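Enquirer: Below you'll find the structure I mean.
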Amino acid sequence: MNKPLILVVEDDPPVRNLITTTLKTNDYRYLSAANGEAAIMEASSHNPDIVLLDLGLPDMDGVRVIQKIRSWSNLPIIVISARSEDTDKIEALDAGADDYLTKPFSVEELLARLRVTQRRLAFMTEQVTAAASVFVNGKLRVDYAGGCAFLDGQELHLTPIEFKLLCLLSKNVGKVLTHTFITQNIWGRSWDNDVASLRVFMATLRKKLEADPDAPQYIQTHIGVGYRMMKVE
Ligand code: CA
């Protein structure tokens, strides 16, 4: 397999160097861009496997870059934002970003995010090839057509909303889904009390799904942001 090609979009030279050095020493190929205009150009001409995108760029908002790329491609985008830019991060996820890293981040964190995204890519390719109507992740099996789910061969007794949630999370495995995205998909709207109900449904779903709901294996919570189903080995 070819080494994955990562497009690094970051205007701050020390951060950009840290990322590209990390990539180089960990067997990735990379391209870099210091602004949004260059990022869009590089993405369209080189078709990278993953984009690492800083949200605070000198010429345009990173969210605008995501919207541009999403107009022609589904390639995974991991956004990088400062801690103070929480709303930007959520806006970026809603615009179609897959995941995020908060500055300052460690090299290990960066590599972990890339691995999650690569696993998601491999998994999606598998699913498309198999034209799967059944989703399998670790001990979890979701039969989309049959409308049922199993854990370790035992049927899970889920309410219709819990099943919808499980389908939505599994169809986006590896991707962080925001509260708004989830409530829009489940209830067709996103009011404050929908987010509160979502929390309740997520807790009951987890009780049925996770061996230890306090140390969840399948569904990760992103406080103030949303949820993600992890690819379980
Ligand atoms: Ca910046």
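Going by the structure tokens order, chains are called A, B, ..., each with residues numbered from 1, while ligands are numbered from 1 in the order shown.
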Given only C-alpha atoms and all ligand atoms, how would the per-residue table for chain A near ligand 1 read, listing every residue at most 9 Å away with its closest atom pair and distance in Å to one decimal, sorted by chain and number, as a tab-separated table?
Expert:
residue	atom	partner	partner_atom_place_in_ligand_line	distance
A:Val9	CA	ligand 1	1 (Ca)	8.9
A:Glu10	CA	ligand 1	1 (Ca)	5.9
A:Asp11	CA	ligand 1	1 (Ca)	5.1
A:Asp12	CA	ligand 1	1 (Ca)	5.7
A:Val15	CA	ligand 1	1 (Ca)	9.0
A:Ala34	CA	ligand 1	1 (Ca)	8.8
A:Asn35	CA	ligand 1	1 (Ca)	8.8
A:Asp54	CA	ligand 1	1 (Ca)	5.7
A:Leu55	CA	ligand 1	1 (Ca)	6.5
A:Gly56	CA	ligand 1	1 (Ca)	4.1
A:Leu57	CA	ligand 1	1 (Ca)	4.9
A:Pro58	CA	ligand 1	1 (Ca)	7.1
A:Ile80	CA	ligand 1	1 (Ca)	8.8
A:Ser81	CA	ligand 1	1 (Ca)	8.1
A:Ala82	CA	ligand 1	1 (Ca)	8.7
Enquirer: Since we have the selection now, will you write its residues out, keeping C-alpha atoms, as a short mmCIF file (atom, residue, chain, number, x, y, z; two decimals), in the first residue's frame?
Expert:
data_model
loop_
_atom_site.label_atom_id
_atom_site.label_comp_id
_atom_site.auth_asym_id
_atom_site.auth_seq_id
_atom_site.Cartn_x
_atom_site.Cartn_y
_atom_site.Cartn_z
CA VAL A 9 -3.02 23.48 6.18
CA GLU A 10 -1.50 25.73 8.82
CA ASP A 11 -0.29 29.33 8.65
CA ASP A 12 1.86 29.17 11.78
CA VAL A 15 3.14 24.31 14.21
CA ALA A 34 -0.26 28.23 4.53
CA ASN A 35 -3.66 29.66 3.60
CA ASP A 54 -6.18 24.83 10.93
CA LEU A 55 -9.39 26.84 11.35
CA GLY A 56 -7.74 30.22 11.85
CA LEU A 57 -6.26 31.05 8.46
CA PRO A 58 -5.12 34.48 7.24
CA ILE A 80 -7.18 21.96 14.28
CA SER A 81 -8.47 24.71 16.53
CA ALA A 82 -7.47 26.67 19.59
#
Enquirer: Got a sec: who's within 12 Å of A:Val136, counting only C-alpha atoms, leaving out chain neighbours fewer than 6 positions off, as an MDAnalysis selection string?
Expert: chainID A and resid 123:124 126:127 130 142:144 149:153 167 170:171 173 218 230:233
Enquirer: Filtering to N, CA, C and O atoms, could you give me those residues as a CSV table (one decimal), in the first residue's frame?
Expert:
chain,number,residue,atom,x,y,z
A,123,PHE,N,-12.4,0.9,6.6
A,123,PHE,CA,-13.7,0.3,6.9
A,123,PHE,C,-14.7,0.7,5.9
A,123,PHE,O,-15.5,-0.2,5.4
A,124,MET,N,-14.8,2.0,5.5
A,124,MET,CA,-15.8,2.4,4.6
A,124,MET,C,-15.6,1.8,3.2
A,124,MET,O,-16.6,1.4,2.6
A,126,GLU,N,-14.3,-1.2,2.7
A,126,GLU,CA,-14.8,-2.5,2.9
A,126,GLU,C,-16.3,-2.6,2.7
A,126,GLU,O,-16.9,-3.4,2.0
A,127,GLN,N,-17.0,-1.7,3.4
A,127,GLN,CA,-18.4,-1.6,3.4
A,127,GLN,C,-19.0,-1.4,2.1
A,127,GLN,O,-20.0,-2.1,1.7
A,130,ALA,N,-18.5,-4.5,0.0
A,130,ALA,CA,-19.4,-5.6,0.4
A,130,ALA,C,-20.9,-5.2,0.2
A,130,ALA,O,-21.8,-6.0,0.4
A,142,VAL,N,-25.1,-4.8,13.6
A,142,VAL,CA,-26.3,-4.0,13.4
A,142,VAL,C,-26.9,-4.5,12.0
A,142,VAL,O,-26.2,-4.4,11.0
A,143,ASP,N,-28.1,-5.0,12.0
A,143,ASP,CA,-28.8,-5.4,10.8
A,143,ASP,C,-29.7,-4.3,10.4
A,143,ASP,O,-30.8,-4.2,10.9
A,144,TYR,N,-29.2,-3.4,9.5
A,144,TYR,CA,-30.0,-2.3,9.1
A,144,TYR,C,-31.4,-2.7,8.5
A,144,TYR,O,-32.4,-2.1,8.8
A,149,ALA,N,-30.3,-5.4,16.3
A,149,ALA,CA,-28.8,-5.3,16.6
A,149,ALA,C,-28.5,-6.4,17.6
A,149,ALA,O,-29.3,-6.8,18.5
A,150,PHE,N,-27.3,-6.9,17.6
A,150,PHE,CA,-26.8,-7.9,18.4
A,150,PHE,C,-25.5,-7.6,19.0
A,150,PHE,O,-24.6,-7.0,18.4
A,151,LEU,N,-25.3,-8.0,20.3
A,151,LEU,CA,-24.0,-7.8,20.9
A,151,LEU,C,-23.6,-9.2,21.4
A,151,LEU,O,-24.2,-9.9,22.2
A,152,ASP,N,-22.4,-9.7,20.8
A,152,ASP,CA,-21.9,-11.0,21.2
A,152,ASP,C,-23.0,-12.1,20.9
A,152,ASP,O,-23.1,-13.0,21.7
A,153,GLY,N,-23.7,-11.9,19.8
A,153,GLY,CA,-24.8,-12.9,19.4
A,153,GLY,C,-26.1,-12.7,20.1
A,153,GLY,O,-27.1,-13.4,19.8
A,167,CYS,N,-27.9,3.3,14.5
A,167,CYS,CA,-27.7,3.3,13.0
A,167,CYS,C,-26.9,4.5,12.6
A,167,CYS,O,-25.9,4.4,11.8
A,170,SER,N,-23.3,4.2,13.7
A,170,SER,CA,-22.5,3.2,13.1
A,170,SER,C,-22.3,3.5,11.6
A,170,SER,O,-21.2,3.2,11.1
A,171,LYS,N,-23.2,4.2,11.0
A,171,LYS,CA,-23.0,4.6,9.6
A,171,LYS,C,-22.0,5.7,9.4
A,171,LYS,O,-21.5,5.9,8.4
A,173,VAL,N,-19.2,5.6,11.6
A,173,VAL,CA,-18.2,5.2,12.5
A,173,VAL,C,-16.8,5.9,12.3
A,173,VAL,O,-16.4,6.2,11.2
A,218,TYR,N,-17.5,1.5,22.7
A,218,TYR,CA,-18.1,1.8,21.4
A,218,TYR,C,-18.4,3.3,21.2
A,218,TYR,O,-18.1,3.8,20.1
A,230,MET,N,-16.5,4.5,17.9
A,230,MET,CA,-15.2,4.1,17.7
A,230,MET,C,-15.2,2.8,16.9
A,230,MET,O,-16.0,1.9,17.1
A,231,LYS,N,-14.2,2.6,16.0
A,231,LYS,CA,-14.0,1.3,15.4
A,231,LYS,C,-13.3,0.4,16.4
A,231,LYS,O,-12.2,0.7,16.9
A,232,VAL,N,-13.9,-0.7,16.8
A,232,VAL,CA,-13.4,-1.6,17.8
A,232,VAL,C,-12.7,-2.7,17.1
A,232,VAL,O,-13.2,-3.3,16.1
A,233,GLU,N,-11.5,-3.1,17.6
A,233,GLU,CA,-10.7,-4.1,16.9
A,233,GLU,C,-11.2,-5.5,17.3
A,233,GLU,O,-11.7,-5.7,18.4
Enquirer: With distances taken over only C-alpha atoms, which residue among A:Ile77, A:Ala132, A:Leu93, A:Met60 lies nearest A:Ala145?
Expert: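 Of A:Ile77, A:Ala132, A:Leu93, A:Met60, the one nearest A:Ala145 is A:Ala132, counting only C-alpha atoms.
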Enquirer: So, with only C-alpha atoms as the atoms that count, which of A:Ala39, A:Val134, A:Leu140, A:Leu18 lies closest to A:Leu209?
Expert: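 Using only C-alpha atoms, the shortest distance to A:Leu209 belongs to A:Leu140.
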Enquirer: What lies within 9 Å of stretch 185-199 of chain A using only C-alpha atoms, ignoring chain neighbours under 6 positions off, as number ranges by chain?
Expert: A: 161, 164-165, 168, 179
Enquirer: Can I get the selected residues back with all heavy atoms, as a PDB file, in the first residue's frame?
Expert:
ATOM      1  N   ILE A 161     -35.972   4.803  18.995  1.00  0.00           N
ATOM      2  CA  ILE A 161     -35.020   5.926  18.986  1.00  0.00           C
ATOM      3  C   ILE A 161     -33.595   5.419  19.226  1.00  0.00           C
ATOM      4  O   ILE A 161     -32.654   5.846  18.547  1.00  0.00           O
ATOM      5  CB  ILE A 161     -35.385   6.970  20.077  1.00  0.00           C
ATOM      6  CG1 ILE A 161     -36.751   7.579  19.797  1.00  0.00           C
ATOM      7  CG2 ILE A 161     -34.296   8.044  20.194  1.00  0.00           C
ATOM      8  CD1 ILE A 161     -36.798   8.866  19.041  1.00  0.00           C
ATOM      9  N   LYS A 164     -32.359   3.961  16.035  1.00  0.00           N
ATOM     10  CA  LYS A 164     -32.029   5.022  15.074  1.00  0.00           C
ATOM     11  C   LYS A 164     -30.667   5.645  15.398  1.00  0.00           C
ATOM     12  O   LYS A 164     -29.848   5.905  14.516  1.00  0.00           O
ATOM     13  CB  LYS A 164     -33.097   6.127  15.118  1.00  0.00           C
ATOM     14  CG  LYS A 164     -34.185   5.996  14.062  1.00  0.00           C
ATOM     15  CD  LYS A 164     -35.231   7.059  14.253  1.00  0.00           C
ATOM     16  CE  LYS A 164     -35.241   8.099  13.139  1.00  0.00           C
ATOM     17  NZ  LYS A 164     -36.429   8.978  13.213  1.00  0.00           N
ATOM     18  N   LEU A 165     -30.455   5.870  16.697  1.00  0.00           N
ATOM     19  CA  LEU A 165     -29.189   6.445  17.144  1.00  0.00           C
ATOM     20  C   LEU A 165     -28.021   5.521  16.801  1.00  0.00           C
ATOM     21  O   LEU A 165     -26.986   5.967  16.297  1.00  0.00           O
ATOM     22  CB  LEU A 165     -29.204   6.628  18.668  1.00  0.00           C
ATOM     23  CG  LEU A 165     -29.680   7.950  19.211  1.00  0.00           C
ATOM     24  CD1 LEU A 165     -29.755   7.886  20.727  1.00  0.00           C
ATOM     25  CD2 LEU A 165     -28.728   9.068  18.789  1.00  0.00           C
ATOM     26  N   LEU A 168     -27.312   5.635  13.091  1.00  0.00           N
ATOM     27  CA  LEU A 168     -26.662   6.884  12.688  1.00  0.00           C
ATOM     28  C   LEU A 168     -25.184   6.878  13.089  1.00  0.00           C
ATOM     29  O   LEU A 168     -24.310   7.216  12.284  1.00  0.00           O
ATOM     30  CB  LEU A 168     -27.390   8.068  13.344  1.00  0.00           C
ATOM     31  CG  LEU A 168     -26.925   9.455  12.929  1.00  0.00           C
ATOM     32  CD1 LEU A 168     -27.223   9.719  11.456  1.00  0.00           C
ATOM     33  CD2 LEU A 168     -27.601  10.528  13.786  1.00  0.00           C
ATOM     34  N   HIS A 179     -24.085  17.388  18.360  1.00  0.00           N
ATOM     35  CA  HIS A 179     -25.433  17.286  18.914  1.00  0.00           C
ATOM     36  C   HIS A 179     -26.462  17.715  17.872  1.00  0.00           C
ATOM     37  O   HIS A 179     -27.481  17.059  17.682  1.00  0.00           O
ATOM     38  CB  HIS A 179     -25.573  18.176  20.162  1.00  0.00           C
ATOM     39  CG  HIS A 179     -24.724  17.720  21.303  1.00  0.00           C
ATOM     40  ND1 HIS A 179     -23.964  18.593  22.062  1.00  0.00           N
ATOM     41  CD2 HIS A 179     -24.486  16.488  21.812  1.00  0.00           C
ATOM     42  CE1 HIS A 179     -23.327  17.901  22.991  1.00  0.00           C
ATOM     43  NE2 HIS A 179     -23.611  16.634  22.865  1.00  0.00           N
TER      44      HIS A 179
END
Enquirer: Could you check how far atom CA of A:Thr117 sits from atom CA of A:Arg29, in Å to one decimal?
Expert: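 Spanning atom CA of A:Thr117 to atom CA of A:Arg29 is a straight-line distance of 15.5 Å.
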Enquirer: What separation in Å, quoted to one decimal, exists between atom CA of A:Ile66 and atom CA of A:Thr180?
Expert: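 Calculated distance between atom CA of A:Ile66 and atom CA of A:Thr180 is 17.7 Å.
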Enquirer: For A:Glu162, find every residue with an atom within 10 Å (counting only C-alpha atoms), except residues of its own chain fewer than 6 positions away, and show them as a PyMOL selection string.
Expert: chain A and resi 168+186+198+201-206+208
Enquirer: With all heavy atoms retained, could you export that selection as a CSV table (one decimal), in the first residue's frame?
Expert:
chain,number,residue,atom,x,y,z
A,168,LEU,N,-27.3,5.6,13.1
A,168,LEU,CA,-26.7,6.9,12.7
A,168,LEU,C,-25.2,6.9,13.1
A,168,LEU,O,-24.3,7.2,12.3
A,168,LEU,CB,-27.4,8.1,13.3
A,168,LEU,CG,-26.9,9.5,12.9
A,168,LEU,CD1,-27.2,9.7,11.5
A,168,LEU,CD2,-27.6,10.5,13.8
A,186,ILE,N,-32.4,12.6,14.0
A,186,ILE,CA,-33.3,11.8,14.7
A,186,ILE,C,-34.7,12.4,14.8
A,186,ILE,O,-35.7,11.8,14.6
A,186,ILE,CB,-32.8,11.5,16.2
A,186,ILE,CG1,-31.4,10.8,16.1
A,186,ILE,CG2,-33.8,10.6,17.0
A,186,ILE,CD1,-31.4,9.4,15.6
A,198,LEU,N,-31.4,13.8,24.0
A,198,LEU,CA,-30.4,13.0,23.4
A,198,LEU,C,-29.5,12.3,24.4
A,198,LEU,O,-29.1,11.2,24.3
A,198,LEU,CB,-29.6,13.8,22.4
A,198,LEU,CG,-28.3,13.2,21.7
A,198,LEU,CD1,-28.7,12.0,20.9
A,198,LEU,CD2,-27.6,14.2,20.9
A,201,PHE,N,-31.3,9.4,26.0
A,201,PHE,CA,-31.3,8.2,25.1
A,201,PHE,C,-29.9,7.6,24.9
A,201,PHE,O,-29.8,6.4,24.9
A,201,PHE,CB,-31.9,8.6,23.7
A,201,PHE,CG,-33.3,8.7,23.7
A,201,PHE,CD1,-33.9,10.0,23.5
A,201,PHE,CD2,-34.2,7.6,23.9
A,201,PHE,CE1,-35.3,10.1,23.5
A,201,PHE,CE2,-35.6,7.8,23.9
A,201,PHE,CZ,-36.1,9.0,23.7
A,202,MET,N,-28.9,8.4,24.9
A,202,MET,CA,-27.5,7.9,24.8
A,202,MET,C,-27.2,7.1,26.0
A,202,MET,O,-26.5,6.1,25.9
A,202,MET,CB,-26.6,9.1,24.6
A,202,MET,CG,-25.4,8.8,23.8
A,202,MET,SD,-25.6,8.1,22.2
A,202,MET,CE,-25.5,9.5,21.2
A,203,ALA,N,-27.6,7.6,27.2
A,203,ALA,CA,-27.3,6.9,28.4
A,203,ALA,C,-27.9,5.5,28.4
A,203,ALA,O,-27.3,4.5,28.8
A,203,ALA,CB,-27.7,7.7,29.6
A,204,THR,N,-29.2,5.4,28.0
A,204,THR,CA,-29.9,4.1,28.0
A,204,THR,C,-29.3,3.2,26.9
A,204,THR,O,-29.1,2.0,27.1
A,204,THR,CB,-31.4,4.3,27.8
A,204,THR,OG1,-31.7,4.9,26.6
A,204,THR,CG2,-32.0,5.0,28.9
A,205,LEU,N,-28.9,3.8,25.8
A,205,LEU,CA,-28.3,3.0,24.7
A,205,LEU,C,-27.0,2.4,25.2
A,205,LEU,O,-26.7,1.2,25.0
A,205,LEU,CB,-28.1,3.8,23.5
A,205,LEU,CG,-27.3,3.2,22.3
A,205,LEU,CD1,-28.0,1.9,21.8
A,205,LEU,CD2,-27.1,4.2,21.2
A,206,ARG,N,-26.2,3.2,25.9
A,206,ARG,CA,-24.9,2.7,26.4
A,206,ARG,C,-25.1,1.6,27.4
A,206,ARG,O,-24.3,0.7,27.5
A,206,ARG,CB,-24.2,3.9,27.1
A,206,ARG,CG,-23.4,4.6,26.1
A,206,ARG,CD,-22.6,5.7,26.8
A,206,ARG,NE,-21.6,6.2,26.0
A,206,ARG,CZ,-21.2,7.5,26.2
A,206,ARG,NH1,-21.7,8.2,27.1
A,206,ARG,NH2,-20.2,7.9,25.5
A,208,LYS,N,-27.2,-0.6,27.5
A,208,LYS,CA,-27.4,-1.9,26.8
A,208,LYS,C,-26.2,-2.4,26.0
A,208,LYS,O,-26.0,-3.5,25.7
A,208,LYS,CB,-28.6,-1.7,25.8
A,208,LYS,CG,-29.9,-1.4,26.6
A,208,LYS,CD,-31.1,-1.1,25.7
A,208,LYS,CE,-32.3,-0.7,26.5
A,208,LYS,NZ,-33.4,-0.3,25.7
